[in-house]
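One file, work.cif, is given below (mmCIF, C-alpha atoms and all ligand atoms).
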data_structure
#
loop_
_atom_site.label_atom_id
_atom_site.label_comp_id
_atom_site.auth_asym_id
_atom_site.auth_seq_id
_atom_site.Cartn_x
_atom_site.Cartn_y
_atom_site.Cartn_z
CA MET A 598 -9.69 18.74 -32.11
CA LYS A 599 -9.30 17.40 -28.57
CA SER A 600 -12.47 15.73 -27.33
CA ALA A 601 -14.04 17.10 -24.19
CA HIS A 602 -13.87 13.54 -22.92
CA ALA A 603 -10.16 13.03 -23.60
CA VAL A 604 -8.23 11.50 -20.74
CA PRO A 605 -5.47 13.72 -19.35
CA GLU A 606 -1.99 12.86 -20.57
CA ASN A 607 1.49 13.57 -19.28
CA ARG A 608 0.86 13.28 -15.60
CA LEU A 609 3.70 12.24 -13.36
CA LEU A 610 2.07 10.36 -10.49
CA LEU A 611 4.07 11.14 -7.35
CA GLY A 612 1.19 11.05 -4.90
CA PRO A 613 -0.02 8.36 -2.48
CA GLY A 614 -1.13 6.14 -5.38
CA PRO A 615 -1.80 5.24 -8.09
CA SER A 616 1.84 5.22 -9.16
CA PRO A 617 3.28 5.40 -12.70
CA VAL A 618 2.62 2.24 -14.70
CA PRO A 619 5.60 1.16 -16.84
CA PRO A 620 5.05 0.82 -20.62
CA ARG A 621 5.68 -2.94 -20.46
CA VAL A 622 2.71 -3.34 -18.10
CA LEU A 623 0.51 -1.13 -20.27
CA ARG A 624 1.49 -3.13 -23.37
CA ALA A 625 0.67 -6.39 -21.61
CA MET A 626 -2.79 -5.03 -20.89
CA ALA A 627 -3.38 -4.33 -24.57
CA ALA A 628 -3.12 -8.07 -25.41
CA PRO A 629 -6.28 -9.71 -26.83
CA LEU A 630 -8.42 -11.51 -24.29
CA VAL A 631 -8.73 -15.23 -23.79
CA GLY A 632 -11.55 -16.88 -21.89
CA HIS A 633 -11.17 -16.85 -18.13
CA LEU A 634 -11.27 -20.66 -18.04
CA ASP A 635 -8.93 -21.08 -21.04
CA PRO A 636 -6.16 -23.56 -20.11
CA ASP A 637 -3.51 -20.97 -20.98
CA PHE A 638 -5.16 -18.44 -18.68
CA LEU A 639 -5.41 -21.01 -15.89
CA ARG A 640 -1.65 -21.57 -16.19
CA LEU A 641 -1.13 -17.81 -16.05
CA MET A 642 -3.22 -17.70 -12.85
CA ASP A 643 -1.02 -20.41 -11.31
CA GLY A 644 2.10 -18.44 -12.18
CA VAL A 645 0.70 -15.21 -10.74
CA GLN A 646 -0.14 -17.00 -7.51
CA GLU A 647 3.38 -18.42 -7.26
CA SER A 648 4.94 -15.01 -7.90
CA LEU A 649 2.70 -13.41 -5.27
CA ARG A 650 3.83 -16.06 -2.77
CA GLY A 651 7.40 -15.01 -3.54
CA LEU A 652 6.56 -11.36 -2.97
CA PHE A 653 4.66 -11.94 0.29
CA ARG A 654 7.40 -14.44 1.30
CA THR A 655 4.93 -17.14 2.13
CA ARG A 656 4.07 -20.73 1.24
CA ASN A 657 0.37 -20.05 1.85
CA ARG A 658 -1.69 -21.96 -0.69
CA PHE A 659 -4.39 -19.33 -0.47
CA THR A 660 -2.54 -16.48 -2.19
CA LEU A 661 -4.25 -14.71 -5.07
CA PRO A 662 -5.13 -11.37 -6.62
CA LEU A 663 -8.63 -10.59 -5.45
CA SER A 664 -10.84 -8.75 -7.96
CA GLY A 665 -11.18 -5.32 -6.40
CA THR A 666 -8.95 -2.60 -4.96
CA GLY A 667 -7.07 -2.67 -1.65
CA SER A 668 -10.26 -1.94 0.31
CA ALA A 669 -11.76 -5.15 -1.11
CA GLY A 670 -8.78 -7.02 0.35
CA MET A 671 -9.33 -5.34 3.71
CA GLU A 672 -13.02 -6.16 3.70
CA ALA A 673 -12.41 -9.72 2.52
CA LEU A 674 -10.00 -10.57 5.33
CA LEU A 675 -12.20 -9.06 8.01
CA VAL A 676 -15.52 -10.53 6.85
CA ASN A 677 -14.02 -13.98 6.40
CA LEU A 678 -12.10 -14.15 9.66
CA LEU A 679 -14.65 -12.45 11.93
CA GLU A 680 -18.12 -13.59 12.88
CA ARG A 681 -20.79 -11.50 14.58
CA GLY A 682 -19.86 -10.99 18.22
CA ASP A 683 -16.15 -11.80 17.77
CA THR A 684 -13.66 -9.40 19.30
CA VAL A 685 -10.95 -7.82 17.16
CA VAL A 686 -8.18 -5.44 18.20
CA VAL A 687 -7.42 -2.79 15.59
CA ALA A 688 -4.48 -0.38 15.65
CA VAL A 689 -5.53 3.09 14.55
CA ASN A 690 -2.79 5.57 13.64
CA GLY A 691 -4.33 6.99 10.50
CA LEU A 692 -7.14 6.78 7.97
CA PHE A 693 -6.73 3.12 7.03
CA GLY A 694 -6.73 1.80 10.60
CA GLU A 695 -9.91 3.82 11.02
CA ARG A 696 -11.36 2.18 7.88
CA MET A 697 -10.55 -1.27 9.28
CA CYS A 698 -12.57 -0.43 12.43
CA ASP A 699 -15.52 0.62 10.28
CA VAL A 700 -15.40 -2.57 8.19
CA ALA A 701 -15.03 -4.82 11.25
CA ALA A 702 -17.90 -3.10 13.07
CA ARG A 703 -20.15 -3.51 10.00
CA ALA A 704 -19.28 -7.22 10.09
CA GLY A 705 -20.72 -7.27 13.60
CA ALA A 706 -17.41 -7.58 15.45
CA LYS A 707 -16.64 -5.94 18.79
CA VAL A 708 -13.82 -3.58 17.92
CA VAL A 709 -11.14 -2.71 20.48
CA ARG A 710 -9.21 0.30 19.18
CA VAL A 711 -5.57 0.99 20.04
CA GLU A 712 -4.95 4.58 19.06
CA ASP A 713 -1.75 6.40 18.22
CA ALA A 714 -1.25 9.93 16.96
CA TRP A 715 -1.40 10.36 13.19
CA GLY A 716 2.24 10.39 12.13
CA SER A 717 3.38 7.93 14.82
CA PRO A 718 3.90 4.22 14.27
CA VAL A 719 1.69 1.80 16.23
CA ASP A 720 2.92 1.47 19.81
CA VAL A 721 3.76 -2.23 20.16
CA ASP A 722 3.43 -2.36 23.96
CA ARG A 723 -0.04 -0.86 24.01
CA PHE A 724 -1.10 -3.11 21.14
CA ALA A 725 0.18 -6.14 23.11
CA GLU A 726 -1.62 -4.98 26.25
CA ALA A 727 -4.91 -4.58 24.38
CA VAL A 728 -4.56 -8.08 22.93
CA ALA A 729 -3.71 -9.57 26.32
CA ARG A 730 -6.64 -7.78 27.96
CA SER A 731 -9.37 -8.43 25.40
CA ARG A 732 -8.35 -11.88 24.08
CA PRO A 733 -9.54 -11.17 20.53
CA VAL A 734 -9.92 -13.62 17.66
CA ALA A 735 -7.74 -11.37 15.50
CA ALA A 736 -5.56 -8.31 15.84
CA ALA A 737 -5.17 -6.05 12.82
CA PHE A 738 -2.73 -3.32 11.91
CA VAL A 739 -1.62 -1.25 8.94
CA HIS A 740 2.06 -1.80 8.19
CA ALA A 741 2.49 1.36 6.11
CA GLU A 742 -0.10 4.04 6.99
CA THR A 743 -0.31 5.91 3.70
CA SER A 744 -2.29 8.75 5.25
CA THR A 745 0.69 9.77 7.42
CA GLY A 746 3.85 8.11 6.06
CA ALA A 747 4.40 6.06 9.24
CA LEU A 748 5.78 2.51 8.99
CA SER A 749 5.02 0.27 11.96
CA ASP A 750 7.06 -2.69 13.20
CA ALA A 751 4.97 -5.43 11.60
CA GLY A 752 7.08 -8.30 12.95
CA ALA A 753 6.72 -7.07 16.54
CA LEU A 754 2.98 -6.40 16.15
CA ALA A 755 2.34 -9.85 14.69
CA ARG A 756 4.33 -11.41 17.56
CA ALA A 757 2.25 -9.44 20.09
CA ALA A 758 -0.95 -10.71 18.44
CA ARG A 759 0.31 -14.33 18.48
CA ASP A 760 1.42 -14.05 22.13
CA GLY A 761 -2.17 -13.14 22.99
CA GLY A 762 -3.60 -16.01 20.95
CA ALA A 763 -4.92 -13.76 18.16
CA LEU A 764 -4.56 -14.07 14.39
CA PRO A 765 -2.44 -11.17 13.08
CA ILE A 766 -4.02 -9.40 10.09
CA MET A 767 -1.77 -7.04 8.14
CA ASP A 768 -2.51 -4.28 5.65
CA CYS A 769 0.53 -3.99 3.37
CA VAL A 770 -1.12 -1.98 0.59
CA THR A 771 1.67 0.59 0.42
CA SER A 772 4.56 -1.58 1.59
CA LEU A 773 4.37 -4.71 -0.62
CA GLY A 774 7.05 -4.37 -3.28
CA GLY A 775 8.62 -1.29 -1.68
CA ALA A 776 9.57 -2.38 1.85
CA PRO A 777 10.57 -5.75 3.33
CA ILE A 778 7.55 -8.05 3.87
CA GLU A 779 7.87 -11.46 5.56
CA VAL A 780 4.44 -13.02 5.96
CA ASP A 781 5.68 -16.46 7.08
CA ALA A 782 8.66 -15.32 9.17
CA TRP A 783 6.43 -12.81 10.99
CA ARG A 784 3.68 -15.46 11.37
CA VAL A 785 1.08 -13.12 9.90
CA ALA A 786 -2.18 -15.07 9.47
CA ALA A 787 -3.55 -13.02 6.60
CA ALA A 788 -2.44 -9.97 4.63
CA TYR A 789 -3.72 -7.85 1.76
CA SER A 790 -2.27 -5.32 -0.62
CA GLY A 791 -3.13 -3.36 -3.76
CA THR A 792 -1.64 -3.24 -7.24
CA GLN A 793 -1.46 0.53 -7.73
CA LYS A 794 1.36 1.39 -5.34
CA CYS A 795 4.76 -0.34 -5.28
CA LEU A 796 3.69 -3.12 -7.66
CA ALA A 797 3.33 -0.53 -10.44
CA SER A 798 0.12 -1.86 -11.95
CA PRO A 799 -3.16 0.03 -12.32
CA PRO A 800 -5.66 -0.08 -9.43
CA GLY A 801 -8.15 -2.93 -9.54
CA LEU A 802 -6.61 -5.98 -7.91
CA SER A 803 -5.87 -6.74 -4.28
CA PRO A 804 -3.22 -9.43 -3.72
CA VAL A 805 -4.22 -11.37 -0.59
CA THR A 806 -2.73 -14.27 1.32
CA ALA A 807 -4.13 -16.37 4.16
CA SER A 808 -2.50 -19.22 6.06
CA ASP A 809 -4.00 -22.72 6.19
CA GLU A 810 -4.89 -21.97 9.81
CA ALA A 811 -6.80 -18.84 8.77
CA ILE A 812 -8.59 -20.72 5.98
CA ALA A 813 -9.45 -23.52 8.44
CA ARG A 814 -11.05 -20.90 10.65
CA VAL A 815 -13.13 -19.63 7.72
CA ARG A 816 -14.20 -23.18 6.88
CA GLY A 817 -15.13 -23.80 10.52
CA ARG A 818 -17.35 -20.72 10.88
CA LYS A 819 -20.73 -21.19 12.53
CA SER A 820 -22.34 -18.81 10.05
CA LYS A 821 -21.77 -18.32 6.32
CA VAL A 822 -19.44 -15.50 5.28
CA GLU A 823 -21.79 -12.57 4.84
CA SER A 824 -20.29 -11.48 1.53
CA TRP A 825 -20.93 -13.88 -1.34
CA TYR A 826 -18.35 -12.22 -3.61
CA LEU A 827 -15.52 -12.25 -1.07
CA ASP A 828 -16.16 -15.68 0.49
CA PHE A 829 -12.71 -17.30 0.68
CA THR A 830 -14.09 -20.84 0.60
CA MET A 831 -15.55 -20.23 -2.85
CA LEU A 832 -12.56 -18.22 -4.04
CA ALA A 833 -10.30 -21.08 -2.92
CA ASP A 834 -12.26 -23.42 -5.20
CA TYR A 835 -11.96 -21.02 -8.11
CA TRP A 836 -8.23 -20.30 -7.72
CA GLY A 837 -7.41 -23.80 -6.43
CA GLU A 838 -7.51 -27.17 -8.12
CA GLY A 839 -11.30 -27.30 -8.56
CA ARG A 840 -11.37 -24.28 -10.90
CA THR A 841 -15.03 -23.96 -10.10
CA TYR A 842 -16.44 -20.89 -11.83
CA HIS A 843 -17.04 -18.15 -9.28
CA HIS A 844 -16.80 -14.85 -11.15
CA THR A 845 -15.20 -13.75 -14.41
CA ALA A 846 -11.61 -12.88 -13.57
CA PRO A 847 -10.52 -9.40 -14.75
CA ILE A 848 -8.26 -10.90 -17.40
CA THR A 849 -6.68 -7.66 -18.62
CA ALA A 850 -5.79 -6.57 -15.08
CA ILE A 851 -4.16 -9.96 -14.47
CA TYR A 852 -2.10 -9.61 -17.66
CA GLY A 853 -0.89 -6.30 -16.25
CA LEU A 854 -0.09 -7.80 -12.87
CA ARG A 855 1.84 -10.63 -14.58
CA ALA A 856 4.03 -8.04 -16.32
CA SER A 857 4.50 -6.11 -13.06
CA LEU A 858 5.55 -9.27 -11.26
CA ASP A 859 8.00 -10.07 -14.07
CA LEU A 860 9.57 -6.66 -13.64
CA ILE A 861 9.83 -7.16 -9.88
CA GLU A 862 11.39 -10.60 -10.28
CA GLU A 863 13.90 -9.29 -12.82
CA GLU A 864 14.91 -6.45 -10.50
CA GLY A 865 14.90 -8.56 -7.33
CA ILE A 866 12.97 -7.51 -4.25
CA GLU A 867 16.02 -6.48 -2.21
CA ALA A 868 17.24 -4.21 -5.02
CA ARG A 869 13.74 -2.80 -5.39
CA VAL A 870 13.46 -1.97 -1.69
CA ALA A 871 16.95 -0.42 -1.80
CA ARG A 872 15.86 1.69 -4.80
CA HIS A 873 12.84 2.99 -2.85
CA ARG A 874 15.03 3.83 0.16
CA ALA A 875 17.64 5.60 -1.96
CA ALA A 876 14.98 7.67 -3.75
CA GLN A 877 13.49 8.73 -0.40
CA ARG A 878 16.91 9.69 0.96
CA SER A 879 17.59 11.91 -2.05
CA LEU A 880 14.12 13.43 -1.84
CA LEU A 881 14.52 14.28 1.84
CA ALA A 882 17.94 15.82 1.23
CA GLY A 883 16.40 18.20 -1.31
CA LEU A 884 13.26 18.87 0.74
CA ALA A 885 15.37 19.87 3.74
CA VAL A 886 17.03 22.60 1.64
CA LEU A 887 13.57 23.88 0.67
CA GLY A 888 12.45 23.98 4.31
CA PHE A 889 10.08 20.95 4.34
CA GLU A 890 10.36 18.84 7.51
CA PRO A 891 9.47 15.15 7.70
CA LEU A 892 6.32 14.39 9.70
CA VAL A 893 7.67 11.02 10.92
CA LEU A 894 10.64 11.80 13.10
CA VAL A 895 12.37 8.40 13.35
CA PRO A 896 13.98 7.55 9.98
CA GLU A 897 13.39 3.76 10.25
CA ARG A 898 9.70 4.42 10.86
CA ARG A 899 9.21 6.25 7.55
CA ILE A 900 7.54 4.37 4.71
CA PRO A 901 10.27 4.23 2.05
CA SER A 902 7.76 4.80 -0.75
CA LEU A 903 5.71 7.63 0.78
CA THR A 904 7.20 10.70 2.40
CA ALA A 905 5.01 13.06 4.42
CA VAL A 906 6.40 16.51 5.08
CA ARG A 907 5.21 19.68 6.74
CA ALA A 908 5.27 22.71 4.45
CA PRO A 909 7.44 25.66 5.57
CA ASP A 910 5.59 28.12 7.85
CA GLY A 911 3.22 30.37 5.98
CA VAL A 912 3.11 28.20 2.85
CA ASP A 913 -0.34 27.00 1.78
CA GLU A 914 0.15 23.36 0.79
CA ALA A 915 -2.99 23.35 -1.40
CA ILE A 916 -1.56 26.16 -3.57
CA VAL A 917 1.72 24.26 -3.89
CA ARG A 918 -0.08 21.08 -5.00
CA LYS A 919 -2.21 22.97 -7.50
CA HIS A 920 0.88 24.64 -8.95
CA LEU A 921 2.64 21.30 -9.35
CA LEU A 922 -0.35 19.79 -11.14
CA THR A 923 -1.24 22.64 -13.45
CA GLU A 924 2.24 23.98 -14.25
CA HIS A 925 4.34 20.83 -14.08
CA GLY A 926 1.86 17.96 -14.58
CA ILE A 927 3.00 16.40 -11.29
CA GLU A 928 0.50 14.91 -8.85
CA ILE A 929 1.42 14.84 -5.16
CA GLY A 930 -0.93 14.32 -2.20
CA GLY A 931 -2.16 16.51 0.64
CA GLY A 932 -3.05 15.64 4.22
CA LEU A 933 -6.18 13.83 5.37
CA GLY A 934 -8.23 14.00 8.59
CA PRO A 935 -6.35 15.88 11.31
CA LEU A 936 -3.43 16.42 8.91
CA LYS A 937 -5.55 18.16 6.25
CA GLY A 938 -3.86 21.40 5.19
CA LYS A 939 -0.78 20.56 7.23
CA ILE A 940 1.28 18.14 5.17
CA LEU A 941 2.25 17.14 1.66
CA ARG A 942 2.61 13.47 0.75
CA ILE A 943 5.08 12.59 -1.96
CA GLY A 944 4.97 9.05 -3.27
CA LEU A 945 8.01 7.54 -4.98
CA MET A 946 6.38 4.18 -5.55
CA GLY A 947 7.20 1.28 -7.81
CA ASP A 948 8.46 2.63 -11.12
CA GLY A 949 8.20 6.15 -9.69
CA ALA A 950 11.05 5.64 -7.21
CA ARG A 951 13.78 7.08 -9.42
CA ILE A 952 16.22 9.96 -9.06
CA GLY A 953 14.89 11.61 -12.21
CA ASN A 954 11.48 11.97 -10.58
CA VAL A 955 13.09 13.29 -7.39
CA VAL A 956 14.78 15.99 -9.46
CA ARG A 957 11.54 16.88 -11.21
CA VAL A 958 9.46 17.19 -8.07
CA LEU A 959 12.14 19.22 -6.24
CA ALA A 960 12.51 21.61 -9.17
CA ALA A 961 8.72 22.01 -9.31
CA LEU A 962 8.48 22.60 -5.55
CA GLY A 963 11.27 25.18 -5.76
CA ASP A 964 9.36 26.91 -8.54
CA ALA A 965 6.13 26.85 -6.50
CA LEU A 966 7.86 28.46 -3.52
CA ALA A 967 9.45 31.12 -5.75
CA ARG A 968 6.00 31.92 -7.19
CA LEU A 969 4.74 32.34 -3.65
CA GLY A 970 7.46 34.96 -3.15
CA ARG A 971 9.68 32.86 -0.87
CA LYS A 972 13.36 33.67 -0.67
CA LYS A 973 15.64 31.49 -2.78
CA PRO A 974 17.23 28.81 -0.56
CA ALA A 975 20.91 29.17 0.31
CA SER A 976 21.82 26.03 -1.64
CA ASP A 977 20.33 24.09 -4.53
CA PRO A 978 17.79 21.40 -3.52
CA VAL A 979 18.32 19.44 -6.75
CA GLU A 980 22.06 19.43 -6.19
CA ALA A 981 21.52 18.21 -2.60
CA ALA A 982 19.40 15.33 -3.90
CA LEU A 983 21.92 14.44 -6.59
CA GLU A 984 24.73 14.53 -4.06
CA SER A 985 22.79 12.11 -1.85
CA HIS A 986 22.17 9.92 -4.90
CA ARG A 987 25.87 9.87 -5.83
CA SER A 988 27.16 9.29 -2.30
CA GLY A 989 24.44 6.85 -1.19
CA ARG A 990 23.99 8.88 2.00
N1 LIG B 1 -4.85 0.53 3.00
C1 LIG B 1 -3.88 1.43 2.75
C2 LIG B 1 -2.70 1.48 3.65
C3 LIG B 1 -3.97 2.26 1.64
O1 LIG B 1 -3.00 3.13 1.38
C4 LIG B 1 -5.10 2.17 0.79
C5 LIG B 1 -5.24 3.05 -0.38
O2 LIG B 1 -4.58 4.05 -0.51
C6 LIG B 1 -6.09 1.23 1.11
C7 LIG B 1 -5.94 0.42 2.21
C8 LIG B 1 -7.31 1.11 0.27
O3 LIG B 1 -6.98 0.75 -1.01
P1 LIG B 1 -7.89 1.14 -2.29
O4 LIG B 1 -7.92 2.63 -2.35
O5 LIG B 1 -7.10 0.51 -3.39
O6 LIG B 1 -9.21 0.54 -2.10
#
Mind turning this structure into structure tokens?
Ligand code: PLP
Amino acid sequence: MKSAHAVPENRLLLGPGPSPVPPRVLRAMAAPLVGHLDPDFLRLMDGVQESLRGLFRTRNRFTLPLSGTGSAGMEALLVNLLERGDTVVVAVNGLFGERMCDVAARAGAKVVRVEDAWGSPVDVDRFAEAVARSRPVAAAFVHAETSTGALSDAGALARAARDGGALPIMDCVTSLGGAPIEVDAWRVAAAYSGTQKCLASPPGLSPVTASDEAIARVRGRKSKVESWYLDFTMLADYWGEGRTYHHTAPITAIYGLRASLDLIEEEGIEARVARHRAAQRSLLAGLAVLGFEPLVLVPERRIPSLTAVRAPDGVDEAIVRKHLLTEHGIEIGGGLGPLKGKILRIGLMGDGARIGNVVRVLAALGDALARLGRKKPASDPVEAALESHRSGR
């Protein structure tokens, strides 16, 4: 008999994260533990750091998987780089920019918000103006705003921050592993991500990187970092040569990340980004037939791994999502904040970015619309997606 506490099985995770975890990663996480200071584990840590440098495209020594989810990475960067009374410019074009403001304000910083409509990328000129006007210590932005599907021009935003003498801080939780990221070329001072999106690992780790200049700023603070757990100076000793015990690393999660990084390296990051873009193109081709319109109007400003669409007029998006979950075992996301009830968010992230999943979600959406009594579309959405897949257009 099935236990009342049994975990649900057979879910296809096509929402805003977590994404499907490949069997090889799950198997790696079933390996017996070693001690967190075991020489073999220390070597594994070194290798994970080197692979993360490759993924972030950086030579930053301080590059490691922080114990905690993406929000821990966000909090860590802000509490280390900001002291009470410091000014920080934060771009807000969705939920996660908003969260950054909250975290920075709790750290005692003066927050200068640069707002854009939810669904728009960050306006680079207004971001640059705000930096020039307020002369902040740091200027932060979300590269891929998962709450809306908008991808901002991270290179241009980092340049604007640098031109105003500020350290650029980048959230790449949803873009790392699924869109081009160039920490060093863009001169980003510090960035954070999460494992449960395009890296195809379970949630629980936040890959972070910080330049020597950023770490020097942390070391030169007048006051101690207010969070003991997230203090980069101590984490640098733990993950660096000293290997000074700080906290017990989540060994199993790091085994999983190692396997995810192996898969990424075997595929190659360019091929992986191209796979995400191709899956999105096919998805959009099918969604157009079903009458779903993209929220983000400019194609280059859409996050390849997360597509936000408006439901056809008169269609209740919550009913559609419930139908997909209960009848088809497929999870997709709804809207948040001002977009609640207005959009659906379909994630094709990491291992999920495959044509087979596009076909499944389109067939399920077609079924949901038919159940709601909508007229059958003039052409077949699955065929439209497959045609896009075959032609590469
Ligand atoms: N930043 C962005 C862009 C995100 O999409 C998320 C999570 O969805 C976070 C930060 C927070 O990450 P977590 O939920 O892993 O704490």
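Using all atoms listed in the file, the residues found no farther than 6 Å from region 877-892 of chain A, other than those of its own chain fewer than 3 positions away, are Arg874, Ala905, Val906, Arg907, Ala908, Pro909, Val955, Pro978, Val979, Ala981, Ala982, Ser985 and His986 of chain A.
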Determine, for each residue of chain A having at least one atom at most 6 Å from an atom of ligand LIG 1 (chain B), the closest pair of atoms and their separation in Å to one decimal, counting only C-alpha atoms and all ligand atoms; order by chain and ascending number, as a tab-separated table.
residue	atom	partner	partner_atom	distance
A:Thr666	CA	B:LIG1	O5	3.9
A:Gly667	CA	B:LIG1	O3	3.5
A:Ser668	CA	B:LIG1	O6	3.6
A:Phe693	CA	B:LIG1	N1	5.1
A:Ala741	CA	B:LIG1	C2	5.7
A:Glu742	CA	B:LIG1	C2	4.9
A:Thr743	CA	B:LIG1	O1	4.5
A:Asp768	CA	B:LIG1	N1	6.0
A:Val770	CA	B:LIG1	C2	4.9
A:Thr771	CA	B:LIG1	O1	5.4
A:Gly791	CA	B:LIG1	O5	5.6
field: Cut-off 12 Å around (1.1, 14.4, -0.6) with all atoms listed in the file: residues as number ranges by chain
entry: A: 610-614, 743-746, 891-892, 902-908, 914-915, 917-919, 921-922, 927-933, 936-945, 958
message: Considering all atoms listed in the file, can you say which of A:Ser731, A:Thr849, A:Ser824, A:Ser664 comes closest to Glu680 (chain A)?
response: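 Answer, going by the shortest atom-to-atom distance: A:Ser824.
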message: My list of candidates is A:Gly926, A:His873, A:Leu959, A:Pro847. Which is closest to Arg608 (chain A) when distances are computed with only C-alpha atoms?
response: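 Looking at the shortest contact to Arg608 (chain A), the residue is A:Gly926.
Residues within 10 Å of Arg650 (chain A), counting all atoms listed in the file and excluding same-chain residues fewer than 4 positions away, are Gly644, Val645, Gln646, Arg654, Thr655, Arg656, Asn657, Arg658, Phe659, Thr660, Leu661, Val780, Pro804, Val805 and Thr806 of chain A.
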- prompt: How many Å separate CA of Glu672 (chain A) from CA of Arg898 (chain A)?
  reply: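 That distance, rounded to one decimal, is 26.1 Å.
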Non-local contacts of Ala627 (chain A) (9 Å; all atoms listed in the file; under 5 positions in same chain excluded) as a PDB file with C-alpha atoms, in the frame of the given file:
ATOM      1  CA  VAL A 622       2.710  -3.340 -18.100  1.00  0.00           C
ATOM      2  CA  THR A 849      -6.680  -7.660 -18.620  1.00  0.00           C
ATOM      3  CA  TYR A 852      -2.100  -9.610 -17.660  1.00  0.00           C
ATOM      4  CA  GLY A 853      -0.890  -6.300 -16.250  1.00  0.00           C
TER       5      GLY A 853
END
- prompt: Which one of A:Gly934, A:Ala786, A:Arg756, A:Asp699 sits closest to Ala811 (chain A) if you count only C-alpha atoms?
  reply: A:Ala786
message: Measuring between all atoms listed in the file, which one of A:Ile900, A:Ile952, A:Ile848, A:Leu796 shows the shortest distance to Pro619 (chain A)?
response: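 For Pro619 (chain A), the nearest of the given residues is A:Leu796.
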message: What's around Lys819 (chain A) at 10 Å? Count only C-alpha atoms, leave out sequence neighbours fewer than 3 positions away in its own chain, and write the answer as a ChimeraX atom specification.
response: /A:680-681,814-816,822
Those same residues, written as a PDB file, keeping the file's coordinate frame with C-alpha atoms?
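Saved to selection.pdb:
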ATOM      1  CA  GLU A 680     -18.120 -13.590  12.880  1.00  0.00           C
ATOM      2  CA  ARG A 681     -20.790 -11.500  14.580  1.00  0.00           C
ATOM      3  CA  ARG A 814     -11.050 -20.900  10.650  1.00  0.00           C
ATOM      4  CA  VAL A 815     -13.130 -19.630   7.720  1.00  0.00           C
ATOM      5  CA  ARG A 816     -14.200 -23.180   6.880  1.00  0.00           C
ATOM      6  CA  VAL A 822     -19.440 -15.500   5.280  1.00  0.00           C
TER       7      VAL A 822
END
Ref. answer, residues at most 12 Å from (8.2, -7.6, 16.5) with only C-alpha atoms, as a compact mmCIF listing (two decimals) with C-alpha atoms, keeping the file's coordinate frame:
# COMPACT_ATOMS: atom_id res chain seq x y z
CA VAL A 719 1.69 1.80 16.23
CA ASP A 720 2.92 1.47 19.81
CA VAL A 721 3.76 -2.23 20.16
CA ASP A 722 3.43 -2.36 23.96
CA PHE A 724 -1.10 -3.11 21.14
CA ALA A 725 0.18 -6.14 23.11
CA HIS A 740 2.06 -1.80 8.19
CA SER A 749 5.02 0.27 11.96
CA ASP A 750 7.06 -2.69 13.20
CA ALA A 751 4.97 -5.43 11.60
CA GLY A 752 7.08 -8.30 12.95
CA ALA A 753 6.72 -7.07 16.54
CA LEU A 754 2.98 -6.40 16.15
CA ALA A 755 2.34 -9.85 14.69
CA ARG A 756 4.33 -11.41 17.56
CA ALA A 757 2.25 -9.44 20.09
CA ALA A 758 -0.95 -10.71 18.44
CA ARG A 759 0.31 -14.33 18.48
CA ASP A 760 1.42 -14.05 22.13
CA PRO A 765 -2.44 -11.17 13.08
CA GLU A 779 7.87 -11.46 5.56
CA ALA A 782 8.66 -15.32 9.17
CA TRP A 783 6.43 -12.81 10.99
CA ARG A 784 3.68 -15.46 11.37
CA VAL A 785 1.08 -13.12 9.90
task: Please provide the set of residues having any atom within 12 Å of Leu860 (chain A), restricted to only C-alpha atoms, with same-chain residues fewer than 4 positions apart removed, written as a ChimeraX atom specification.
output: /A:618-622,625,648,774,795-798,853-856,864-866,868-869,947-948
Using the block above, I'd like region 840-848 of chain A written out, keeping N, CA and C atoms and formatting it as a compact mmCIF listing (two decimals), in the first residue's frame.
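Final file, part-v2.txt:
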# COMPACT_ATOMS: atom_id res chain seq x y z
N ARG A 840 42.02 25.48 4.24
CA ARG A 840 41.09 24.39 4.56
C ARG A 840 40.66 24.42 6.02
N THR A 841 40.50 25.63 6.52
CA THR A 841 40.10 25.80 7.91
C THR A 841 38.63 25.43 8.03
N TYR A 842 38.31 24.54 8.94
CA TYR A 842 36.92 24.12 9.10
C TYR A 842 36.04 25.35 9.35
N HIS A 843 34.97 25.43 8.56
CA HIS A 843 34.00 26.52 8.77
C HIS A 843 32.62 25.93 9.05
N HIS A 844 32.12 25.13 8.10
CA HIS A 844 30.88 24.38 8.35
C HIS A 844 31.00 23.07 7.58
N THR A 845 30.14 22.13 7.90
CA THR A 845 30.22 20.82 7.24
C THR A 845 29.61 20.94 5.84
N ALA A 846 30.44 20.78 4.84
CA ALA A 846 29.94 20.94 3.46
C ALA A 846 28.85 19.91 3.18
N PRO A 847 27.82 20.29 2.42
CA PRO A 847 26.76 19.32 2.06
C PRO A 847 27.31 18.36 0.99
N ILE A 848 27.95 17.32 1.47
CA ILE A 848 28.75 16.43 0.62
C ILE A 848 27.92 15.84 -0.53
